[in-house]
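**Q** Take a look at the following structure, please.
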Amino acid sequence: MARDMSDIDILKMELEQLKKEVSTPREPVSKTSKETMDWCEAASGTDLLITGVPDDKNPYKPEKGGCIIT
Amino acid sequence: MGEMEELRKEADNLKDQITEARKVVQDTTLQEAVAGTTLVGRVQLKTRKTLRGHLAKIYAMHWGTDTKLCVSASQDGKLIVWDTLTTNKVNAIPLKSSWVMTCAYAPSGNMVACGGLDNMCSIYNLKGKDGNVKVMRELAAHTGYLSCCRFLSDSEIITSSGDCTCILWDIETGTEKTIFAGHLGDCMSLAVSPDFKMFISGACDFTAKLWDIREATCRQTFSGHESDINAIGFFPNGNAVITGSDDATCKLYDLRADQELITYQDSGIMCGVTSLAPSLSGRLLLAGYDDFNVNIWDMLKAERVGVLAGHDNRVSCIGVSSDGMACCTGSWDSFLKIWN
């Protein structure tokens with residue numbers, strides 16, 4: 001818990017973490033951003049907030065010609 | 001203080017090495033990569049339902065999995081489980097402590113959890129034998145407020161706290177399995193990866209951290225924000241992280257390139273981001289702000305493509321249903337709204 005630790009202990013904890021993170025494997029942005037883009041584009045066709053939900057298939061839209069009174 | 005000086009130098013040196021290593025793989029930017037992509041058309045969502053019933057500010061909401069039920073938490077001291085289709089209240093659960101800051105729905109639908117200034121995470125069984133909803137467990141160990149909680153299953157939950165740590169709990173025994181320490185400021189938000197193997201946390205030290213749940217280690221740390229990170233989420237394929245901050249921006253960090261890909265900002269937006277949720281495909285980012293609005297961003301092109309205006313006070317929480325069909329916003333004006 002950072003609150004209870006002394007300044008020097010916090011620094012040592014940070015250092016330990018940085019040493020680990022230096023050797024994180026990193027892939028080129030060109031490759032990863034292309035994959036993100038492709039995944040996104042493939043999935044947008046069925047993303048209902050983008051395509052919109054037709055009224056007759058929208059469970060949130062009240063049915064035409066009346067409303068249910070409970 | 002010679003040792004402190006030495007340690008600081010070593011830390012700065014390592015930070016420089018990491019910055020260099022990140023630059024080496026930055027052979028392009030997301031902006032360049034999407035130059036040929038068309039901007040998503042203007043997104044206009046309408047309020048389909050207004051969920052009325054809370055008597056004070058709503059601080060959190062969470063959709064159930066594969067369902068149109070959601071749970072909300074308000075400082076009126078109640079957790080309400082709503083059927084969003086009918087707007088009926090399925091459960092109205094009175095809380096011991098009204099200072100609630102977060103709530104969560106278990107993927108099974110069997111439980112909900114909440115917590116706040118009581119420093120505890122309370123688990124409620126919705127499917128008790130006699131039909132009454134009762135506290136099942138009170139998870140106490142954090143020495144600061146509970147800012148967020150998310151179930152991994154009916155037997156495990158992860159919490160984030162103002163004490164700068166996150167904890168993985170065994171709900172059955174009510175004990176801490178793992179304490180994730182490393183943040184230097186209050187942890188404000190957390191999100192679990194789609195494969196349930198990792199989670200991310202955003203904190204008041206302006207960083208986001210990716211944690212390996214089983215190995216109990218911090219894998220990666222992302223900086224760049226200039227103020228507290230209030231909201232965090234995974235890009236739907238689990239390969240990127242989205243953050244929202246008091247610095248009025250949202251950022252997208254790529255996990256495999258280990259760096260920031262893009263910032264969602266506009267000179268006209270000067271207030272903090274309180275909450276965020278990606279749409280099912282990740283193409284849209286819905287973000288709630290202190291100025292009572294939700295801005296909808298095209299996540300690839302980093303341009304605003306819509307606004308949800310309808311609340312009379314800060315939008316404190318937002319969520320997209322698991323089938324991507326609707327978005328729910330919760331506000332300090334005490335109402336929740338369903339949009340699509």
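The way I read the labels, and the way they are meant: chains A, B, ... in the order of the structure tokens, residue 1 as the first residue of every chain, and ligand 1 as the first ligand shown, with later ones counted on from there.
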Neighbours of range 262-267 of chain B within 9 Å (only C-alpha atoms; same-chain residues fewer than 5 positions away dropped), as a PyMOL selection string?
**A** chain B and resi 29-31+248-253+297+299-300+302-304
**Q** Can I get the selected residues back with N, CA, C and O atoms, as a CSV table (one decimal), in the first residue's frame?
**A**
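The file below, again.csv, is the result:
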```csv
chain,number,residue,atom,x,y,z
B,29,THR,N,2.0,5.7,-37.2
B,29,THR,CA,1.0,6.1,-36.1
B,29,THR,C,-0.3,5.5,-36.5
B,29,THR,O,-0.6,5.2,-37.7
B,30,LEU,N,-1.3,5.4,-35.6
B,30,LEU,CA,-2.6,5.0,-35.9
B,30,LEU,C,-3.2,5.9,-36.9
B,30,LEU,O,-3.9,5.5,-37.8
B,31,GLN,N,-3.0,7.2,-36.7
B,31,GLN,CA,-3.5,8.2,-37.7
B,31,GLN,C,-3.1,7.9,-39.1
B,31,GLN,O,-4.0,7.9,-40.0
B,248,ALA,N,-9.4,15.8,-19.4
B,248,ALA,CA,-10.3,16.1,-20.5
B,248,ALA,C,-10.1,15.2,-21.7
B,248,ALA,O,-10.7,15.4,-22.7
B,249,THR,N,-9.2,14.3,-21.6
B,249,THR,CA,-8.9,13.4,-22.8
B,249,THR,C,-9.2,11.9,-22.5
B,249,THR,O,-9.2,11.5,-21.3
B,250,CYS,N,-9.3,11.2,-23.6
B,250,CYS,CA,-9.3,9.7,-23.5
B,250,CYS,C,-8.1,9.3,-24.3
B,250,CYS,O,-7.7,10.0,-25.2
B,251,LYS,N,-7.6,8.1,-23.9
B,251,LYS,CA,-6.4,7.7,-24.7
B,251,LYS,C,-6.6,6.2,-25.0
B,251,LYS,O,-7.2,5.4,-24.3
B,252,LEU,N,-6.0,5.8,-26.2
B,252,LEU,CA,-6.0,4.3,-26.5
B,252,LEU,C,-4.6,3.9,-26.5
B,252,LEU,O,-3.7,4.4,-27.1
B,253,TYR,N,-4.3,2.8,-25.7
B,253,TYR,CA,-3.0,2.3,-25.5
B,253,TYR,C,-3.0,0.9,-26.1
B,253,TYR,O,-3.9,0.0,-25.8
B,297,TRP,N,-17.1,9.1,-29.9
B,297,TRP,CA,-15.9,9.2,-30.8
B,297,TRP,C,-15.8,8.1,-31.7
B,297,TRP,O,-16.1,6.9,-31.4
B,299,MET,N,-13.4,5.7,-32.8
B,299,MET,CA,-12.1,5.3,-32.1
B,299,MET,C,-10.9,5.3,-33.1
B,299,MET,O,-9.8,5.4,-32.6
B,300,LEU,N,-11.2,5.0,-34.4
B,300,LEU,CA,-10.0,4.9,-35.3
B,300,LEU,C,-9.6,6.3,-35.8
B,300,LEU,O,-8.4,6.6,-35.8
B,302,ALA,N,-10.4,9.2,-34.4
B,302,ALA,CA,-10.3,10.1,-33.2
B,302,ALA,C,-11.1,11.4,-33.5
B,302,ALA,O,-10.6,12.5,-33.1
B,303,GLU,N,-12.3,11.3,-34.1
B,303,GLU,CA,-13.1,12.5,-34.2
B,303,GLU,C,-14.5,12.2,-33.6
B,303,GLU,O,-14.9,11.1,-33.6
B,304,ARG,N,-15.1,13.3,-33.1
B,304,ARG,CA,-16.4,13.2,-32.5
B,304,ARG,C,-17.5,13.0,-33.5
B,304,ARG,O,-17.5,13.7,-34.6
```
**Q** Within 12 Å of Lys34 in chain A, counting only C-alpha atoms, which residues show up once you throw out same-chain ones fewer than 2 positions away? Write them as a PyMOL selection string, please.
**A** (chain A and resi 27-32+36-41) or (chain B and resi 28-37+254+257+261+300)
**Q** At a cut-off of 7 Å, which residues of chain A touch chain B? Count only C-alpha atoms and give the answer as a list in words.
**A**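 That gives Met1, Ala2, Arg3, Ile8, Leu11, Leu15, Leu18, Lys19, Glu21, Val22, Arg26, Glu27, Pro28, Val29, Ser30, Thr32, Ser33, Lys34, Cys40, Ala43, Ser44, Asp47, Leu48, Leu49, Ile50, Pro59, Tyr60 and Lys61 of chain A for chain A.
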**Q** Quick one: residues within 10 Å of Ser97 in chain B, only C-alpha atoms, excluding same-chain residues fewer than 3 positions away - as a list in words?
**A**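 The contact residues come out as Gln75, Asp76, Gly77, Lys78, Pro94, Val100, Gly115, Gly116, Leu117, Asp118 and Met120 of chain B.
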**Q** Rounded to one decimal in Å, what is the spacing between CA of Asn313 in chain B and CA of Trp332 in chain B?
**A** 5.4 Å
**Q** Running DSSP on the backbone, which parts of chain A land in helix (DSSP H, G or I), as a ChimeraX atom specification?
**A** /A:2-4,7-22,29-44,48-51,55-57
**Q** Enter the distance from CA of Ser275 in chain B to CA of Gly233 in chain B, in Å, rounded to one decimal.
**A**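 Computed distance, CA of Ser275 in chain B to CA of Gly233 in chain B, equals 9.3 Å.
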**Q** Grab the CA of Gly52 in chain A to CA of Leu276 in chain B distance for me, in Å with one decimal place.
**A**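 Distance reported for this atom pair: 20.1 Å.
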